[in-house]
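Beneath this line is the structure, given in structure tokens, with notes to follow.
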Amino acid sequence: MKFLLSLSRLIDRLNTMVGKSVIWLTLLVVLVSATNAVIRKLFSVSSNAWLELQWYLFGAIFLLAAGYTYLVNEHVRVDVLSQKLSRRTQVKIEIFGIIFFLFPFCTLIFWLSLPFFYQSLVLHELSSNTGGLIRWPVKLLLPVGFFLLILAGVSQLIKCIAYLRGQSPDPLARKDTKTAEEELAEEIIRQSSAGDTLSDSTEHHSSVTQDKGR
């Protein structure tokens, strides 16, 4: 088990490195998109290459960061029912999902995408749009992205089994850091509570004033 946990940590470091590197692609997408929009509006000039570069970067963000997103437990989970179960039962459900859903689906996509990419590379496939980019780099994102997601699944499976054996922390625990959406929701609740308190205070003050007037 120690070897498997070491392998899990190695996979996590790989996905963390890739995920944190991909973050910078978000900034690059924004810059490319803004530049395209400004040039098109001011000079009425458009470039298929730059437009396709946006799509390539957008695809890279989602495909390459999928494994890291799973690592930090940020994928959407429809777990209304499972939340009522014990943590050990939730971990067992996680193991079932990894083995019978995650692995088969990701392995199938990974396997089918290899000839898809290879054919594009051998033929030096170009975009059908005038002035477009070569196609094989974006097609390479498919096998690489799903391979990283498979590795993340392997790591999660190891941690789940180790947790059931009492040799690893809770693999389903969320980090203490809150998302922007959660912070916004809490701020709205605080402001709403503050408004209700102020309203109650005003009503109480008005009632006391009326009683004194009588």
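FYI, nothing fancy with the structure tokens labels: chains A, B, ... in order, residues from 1 per chain, ligands from 1 as they appear.
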Shell around stretch 23-40 of chain A at 7 Å using only C-alpha atoms, local window under 5 positions removed, as a PDB file with N, CA, C and O atoms, in the first residue's frame:
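Now in result.pdb:
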```
ATOM      1  N   VAL A  45     -10.788  43.957 -39.705  1.00  0.00           N
ATOM      2  CA  VAL A  45      -9.886  42.889 -40.134  1.00  0.00           C
ATOM      3  C   VAL A  45     -10.107  41.673 -39.238  1.00  0.00           C
ATOM      4  O   VAL A  45     -10.183  41.806 -38.024  1.00  0.00           O
ATOM      5  N   SER A  46     -10.211  40.508 -39.864  1.00  0.00           N
ATOM      6  CA  SER A  46     -10.414  39.281 -39.099  1.00  0.00           C
ATOM      7  C   SER A  46      -9.425  38.223 -39.555  1.00  0.00           C
ATOM      8  O   SER A  46      -9.032  38.192 -40.721  1.00  0.00           O
ATOM      9  N   GLN A  54      -8.097  30.797 -30.337  1.00  0.00           N
ATOM     10  CA  GLN A  54      -9.001  30.910 -29.186  1.00  0.00           C
ATOM     11  C   GLN A  54      -9.622  29.554 -28.865  1.00  0.00           C
ATOM     12  O   GLN A  54      -9.666  29.137 -27.705  1.00  0.00           O
ATOM     13  N   LEU A  57      -7.051  27.054 -27.408  1.00  0.00           N
ATOM     14  CA  LEU A  57      -6.715  27.349 -26.014  1.00  0.00           C
ATOM     15  C   LEU A  57      -7.876  27.008 -25.088  1.00  0.00           C
ATOM     16  O   LEU A  57      -7.677  26.486 -23.981  1.00  0.00           O
ATOM     17  N   PHE A  58      -9.084  27.290 -25.543  1.00  0.00           N
ATOM     18  CA  PHE A  58     -10.276  26.995 -24.750  1.00  0.00           C
ATOM     19  C   PHE A  58     -10.384  25.480 -24.517  1.00  0.00           C
ATOM     20  O   PHE A  58     -10.659  25.019 -23.405  1.00  0.00           O
ATOM     21  N   ILE A  61      -7.713  24.252 -21.987  1.00  0.00           N
ATOM     22  CA  ILE A  61      -8.033  24.549 -20.589  1.00  0.00           C
ATOM     23  C   ILE A  61      -8.893  23.447 -19.992  1.00  0.00           C
ATOM     24  O   ILE A  61      -8.609  22.928 -18.903  1.00  0.00           O
TER      25      ILE A  61
END
```
Review point. Where in stretch 18-116 of chain A does DSSP assign helix (DSSP H, G or I), given as number ranges by chain?
Key: A: 18-43, 48-64, 66-71, 82-84, 87-116
Keeping only C-alpha atoms, write the selected residues to a file as a PDB file, in the first residue's frame.
```
ATOM      1  CA  VAL A  18      -0.367  20.655 -15.367  1.00  0.00           C
ATOM      2  CA  GLY A  19      -3.444  22.238 -13.765  1.00  0.00           C
ATOM      3  CA  LYS A  20      -1.580  25.237 -12.382  1.00  0.00           C
ATOM      4  CA  SER A  21       0.205  25.748 -15.693  1.00  0.00           C
ATOM      5  CA  VAL A  22      -3.085  25.654 -17.600  1.00  0.00           C
ATOM      6  CA  ILE A  23      -4.370  28.519 -15.440  1.00  0.00           C
ATOM      7  CA  TRP A  24      -2.194  30.885 -17.455  1.00  0.00           C
ATOM      8  CA  LEU A  25      -3.938  29.801 -20.649  1.00  0.00           C
ATOM      9  CA  THR A  26      -7.061  31.515 -19.302  1.00  0.00           C
ATOM     10  CA  LEU A  27      -5.241  34.845 -19.348  1.00  0.00           C
ATOM     11  CA  LEU A  28      -3.914  34.098 -22.831  1.00  0.00           C
ATOM     12  CA  VAL A  29      -7.437  33.310 -24.085  1.00  0.00           C
ATOM     13  CA  VAL A  30      -8.695  36.621 -22.715  1.00  0.00           C
ATOM     14  CA  LEU A  31      -5.868  38.564 -24.382  1.00  0.00           C
ATOM     15  CA  VAL A  32      -6.309  36.806 -27.737  1.00  0.00           C
ATOM     16  CA  SER A  33     -10.085  37.238 -27.637  1.00  0.00           C
ATOM     17  CA  ALA A  34      -9.857  40.914 -26.692  1.00  0.00           C
ATOM     18  CA  THR A  35      -7.253  41.585 -29.388  1.00  0.00           C
ATOM     19  CA  ASN A  36      -9.407  39.878 -32.013  1.00  0.00           C
ATOM     20  CA  ALA A  37     -12.440  41.915 -31.004  1.00  0.00           C
ATOM     21  CA  VAL A  38     -10.573  45.252 -30.985  1.00  0.00           C
ATOM     22  CA  ILE A  39      -8.913  44.665 -34.376  1.00  0.00           C
ATOM     23  CA  ARG A  40     -12.173  43.526 -35.927  1.00  0.00           C
ATOM     24  CA  LYS A  41     -14.117  46.550 -34.637  1.00  0.00           C
ATOM     25  CA  LEU A  42     -11.476  49.205 -35.314  1.00  0.00           C
ATOM     26  CA  PHE A  43      -9.919  47.973 -38.565  1.00  0.00           C
ATOM     27  CA  ASN A  48      -9.159  32.688 -38.960  1.00  0.00           C
ATOM     28  CA  ALA A  49      -5.853  31.659 -37.412  1.00  0.00           C
ATOM     29  CA  TRP A  50      -6.380  33.875 -34.362  1.00  0.00           C
ATOM     30  CA  LEU A  51     -10.008  32.797 -34.027  1.00  0.00           C
ATOM     31  CA  GLU A  52      -9.001  29.140 -34.129  1.00  0.00           C
ATOM     32  CA  LEU A  53      -6.247  29.825 -31.615  1.00  0.00           C
ATOM     33  CA  GLN A  54      -9.001  30.910 -29.186  1.00  0.00           C
ATOM     34  CA  TRP A  55     -10.781  27.599 -29.685  1.00  0.00           C
ATOM     35  CA  TYR A  56      -7.566  25.607 -29.279  1.00  0.00           C
ATOM     36  CA  LEU A  57      -6.715  27.349 -26.014  1.00  0.00           C
ATOM     37  CA  PHE A  58     -10.276  26.995 -24.750  1.00  0.00           C
ATOM     38  CA  GLY A  59     -10.176  23.251 -25.437  1.00  0.00           C
ATOM     39  CA  ALA A  60      -6.755  22.937 -23.793  1.00  0.00           C
ATOM     40  CA  ILE A  61      -8.033  24.549 -20.589  1.00  0.00           C
ATOM     41  CA  PHE A  62     -10.891  22.083 -20.143  1.00  0.00           C
ATOM     42  CA  LEU A  63      -9.146  18.922 -21.354  1.00  0.00           C
ATOM     43  CA  LEU A  64      -5.767  19.365 -19.667  1.00  0.00           C
ATOM     44  CA  ALA A  66      -9.812  17.810 -16.053  1.00  0.00           C
ATOM     45  CA  GLY A  67      -7.474  15.608 -14.015  1.00  0.00           C
ATOM     46  CA  TYR A  68      -6.506  18.464 -11.702  1.00  0.00           C
ATOM     47  CA  THR A  69     -10.167  19.404 -11.244  1.00  0.00           C
ATOM     48  CA  TYR A  70     -10.896  15.833 -10.146  1.00  0.00           C
ATOM     49  CA  LEU A  71      -7.886  15.918  -7.839  1.00  0.00           C
ATOM     50  CA  SER A  82     -25.284  10.061  -0.976  1.00  0.00           C
ATOM     51  CA  GLN A  83     -24.770  12.959   1.452  1.00  0.00           C
ATOM     52  CA  LYS A  84     -27.187  11.213   3.822  1.00  0.00           C
ATOM     53  CA  ARG A  87     -18.581   8.583   4.702  1.00  0.00           C
ATOM     54  CA  ARG A  88     -17.384   4.991   4.238  1.00  0.00           C
ATOM     55  CA  THR A  89     -20.436   4.231   2.116  1.00  0.00           C
ATOM     56  CA  GLN A  90     -19.790   7.372   0.045  1.00  0.00           C
ATOM     57  CA  VAL A  91     -16.204   6.241  -0.533  1.00  0.00           C
ATOM     58  CA  LYS A  92     -17.428   2.805  -1.627  1.00  0.00           C
ATOM     59  CA  ILE A  93     -19.788   4.491  -4.099  1.00  0.00           C
ATOM     60  CA  GLU A  94     -16.811   6.551  -5.334  1.00  0.00           C
ATOM     61  CA  ILE A  95     -14.829   3.357  -5.932  1.00  0.00           C
ATOM     62  CA  PHE A  96     -17.761   1.835  -7.842  1.00  0.00           C
ATOM     63  CA  GLY A  97     -18.076   4.963  -9.988  1.00  0.00           C
ATOM     64  CA  ILE A  98     -14.373   5.053 -10.797  1.00  0.00           C
ATOM     65  CA  ILE A  99     -14.185   1.374 -11.802  1.00  0.00           C
ATOM     66  CA  PHE A 100     -17.458   1.045 -13.712  1.00  0.00           C
ATOM     67  CA  PHE A 101     -17.951   4.545 -15.146  1.00  0.00           C
ATOM     68  CA  LEU A 102     -14.830   6.722 -15.120  1.00  0.00           C
ATOM     69  CA  PHE A 103     -12.311   4.125 -16.302  1.00  0.00           C
ATOM     70  CA  PRO A 104     -14.405   2.570 -19.112  1.00  0.00           C
ATOM     71  CA  PHE A 105     -15.543   5.918 -20.521  1.00  0.00           C
ATOM     72  CA  CYS A 106     -12.153   7.651 -20.353  1.00  0.00           C
ATOM     73  CA  THR A 107     -10.298   4.594 -21.668  1.00  0.00           C
ATOM     74  CA  LEU A 108     -12.679   4.345 -24.631  1.00  0.00           C
ATOM     75  CA  ILE A 109     -12.267   8.018 -25.537  1.00  0.00           C
ATOM     76  CA  PHE A 110      -8.488   7.805 -25.066  1.00  0.00           C
ATOM     77  CA  TRP A 111      -8.229   4.726 -27.311  1.00  0.00           C
ATOM     78  CA  LEU A 112     -10.458   6.136 -30.062  1.00  0.00           C
ATOM     79  CA  SER A 113      -8.683   9.501 -30.049  1.00  0.00           C
ATOM     80  CA  LEU A 114      -5.223   8.021 -30.731  1.00  0.00           C
ATOM     81  CA  PRO A 115      -5.827   7.135 -34.440  1.00  0.00           C
ATOM     82  CA  PHE A 116      -7.833  10.358 -34.725  1.00  0.00           C
TER      83      PHE A 116
END
```
Can you list, as a PDB file with N, CA and C atoms, in the first residue's frame, every protein, DNA or RNA residue that comes within 10 Å of A:Leu121 when you count only C-alpha atoms, leaving out same-chain residues fewer than 2 positions away?
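Output (out.pdb):
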```
ATOM      1  N   PRO A 115      -5.888   7.113 -32.962  1.00  0.00           N
ATOM      2  CA  PRO A 115      -5.827   7.135 -34.440  1.00  0.00           C
ATOM      3  C   PRO A 115      -6.355   8.438 -35.013  1.00  0.00           C
ATOM      4  N   PHE A 116      -7.298   9.064 -34.315  1.00  0.00           N
ATOM      5  CA  PHE A 116      -7.833  10.358 -34.725  1.00  0.00           C
ATOM      6  C   PHE A 116      -6.714  11.391 -34.792  1.00  0.00           C
ATOM      7  N   PHE A 117      -5.861  11.405 -33.760  1.00  0.00           N
ATOM      8  CA  PHE A 117      -4.717  12.309 -33.729  1.00  0.00           C
ATOM      9  C   PHE A 117      -3.631  11.878 -34.714  1.00  0.00           C
ATOM     10  N   TYR A 118      -3.333  10.569 -34.749  1.00  0.00           N
ATOM     11  CA  TYR A 118      -2.237  10.077 -35.586  1.00  0.00           C
ATOM     12  C   TYR A 118      -2.500  10.356 -37.062  1.00  0.00           C
ATOM     13  N   GLN A 119      -3.717  10.140 -37.497  1.00  0.00           N
ATOM     14  CA  GLN A 119      -4.057  10.388 -38.899  1.00  0.00           C
ATOM     15  C   GLN A 119      -3.867  11.856 -39.254  1.00  0.00           C
ATOM     16  N   LEU A 123      -1.025  13.147 -42.030  1.00  0.00           N
ATOM     17  CA  LEU A 123      -1.515  13.859 -43.213  1.00  0.00           C
ATOM     18  C   LEU A 123      -1.217  15.358 -43.170  1.00  0.00           C
ATOM     19  N   HIS A 124      -0.616  15.810 -42.072  1.00  0.00           N
ATOM     20  CA  HIS A 124      -0.366  17.247 -41.894  1.00  0.00           C
ATOM     21  C   HIS A 124      -1.655  18.035 -42.123  1.00  0.00           C
ATOM     22  N   GLU A 125      -2.706  17.572 -41.472  1.00  0.00           N
ATOM     23  CA  GLU A 125      -4.037  18.144 -41.678  1.00  0.00           C
ATOM     24  C   GLU A 125      -4.071  19.627 -41.322  1.00  0.00           C
ATOM     25  N   LEU A 126      -4.658  20.405 -42.208  1.00  0.00           N
ATOM     26  CA  LEU A 126      -4.831  21.839 -41.994  1.00  0.00           C
ATOM     27  C   LEU A 126      -6.307  22.157 -41.840  1.00  0.00           C
ATOM     28  N   ILE A 134      -2.921  24.355 -38.259  1.00  0.00           N
ATOM     29  CA  ILE A 134      -2.819  22.906 -38.384  1.00  0.00           C
ATOM     30  C   ILE A 134      -3.694  22.262 -37.310  1.00  0.00           C
ATOM     31  N   ARG A 135      -4.193  21.062 -37.591  1.00  0.00           N
ATOM     32  CA  ARG A 135      -5.186  20.436 -36.725  1.00  0.00           C
ATOM     33  C   ARG A 135      -4.617  19.477 -35.669  1.00  0.00           C
ATOM     34  N   TRP A 136      -3.466  18.857 -35.933  1.00  0.00           N
ATOM     35  CA  TRP A 136      -3.032  17.800 -35.026  1.00  0.00           C
ATOM     36  C   TRP A 136      -2.760  18.259 -33.598  1.00  0.00           C
ATOM     37  N   PRO A 137      -2.289  19.493 -33.355  1.00  0.00           N
ATOM     38  CA  PRO A 137      -2.072  19.864 -31.946  1.00  0.00           C
ATOM     39  C   PRO A 137      -3.351  19.846 -31.110  1.00  0.00           C
ATOM     40  N   LYS A 139      -6.010  18.057 -31.751  1.00  0.00           N
ATOM     41  CA  LYS A 139      -6.469  16.675 -31.636  1.00  0.00           C
ATOM     42  C   LYS A 139      -5.618  15.892 -30.630  1.00  0.00           C
ATOM     43  N   LEU A 140      -4.390  16.329 -30.437  1.00  0.00           N
ATOM     44  CA  LEU A 140      -3.529  15.706 -29.425  1.00  0.00           C
ATOM     45  C   LEU A 140      -4.061  15.965 -28.014  1.00  0.00           C
TER      46      LEU A 140
END
```
Exercise for review: Compare A:Gln191, A:Arg165, A:Lys159, A:Asp170 by their minimum atom-to-atom distance to A:Leu7, counting only C-alpha atoms, and give me the closest one.
Suggested key: A:Lys159
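A straight line drawn from atom CA of A:Leu85 to atom CA of A:Arg9 is 27.8 Å long.
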Exercise for review: Would you please work out which residue, of A:Val144, A:Val80, A:Cys160, A:Ala173, is nearest to A:Met1 when using only C-alpha atoms?
Suggested key: A:Cys160
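Distances from A:Val72, A:Leu4, A:Leu142, A:Met17 to A:Ala162 were compared using only C-alpha atoms, and the smallest one belongs to A:Leu4.
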Check your understanding: To one decimal place, how far is atom CA of A:Val138 from atom CA of A:Ser120 in Å?
Key -> 10.0 Å
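Proximity to A:Gly132 was assessed for A:Leu14, A:Ser47, A:Ser6, A:Asp79 counting only C-alpha atoms; the smallest distance is recorded for A:Ser47.
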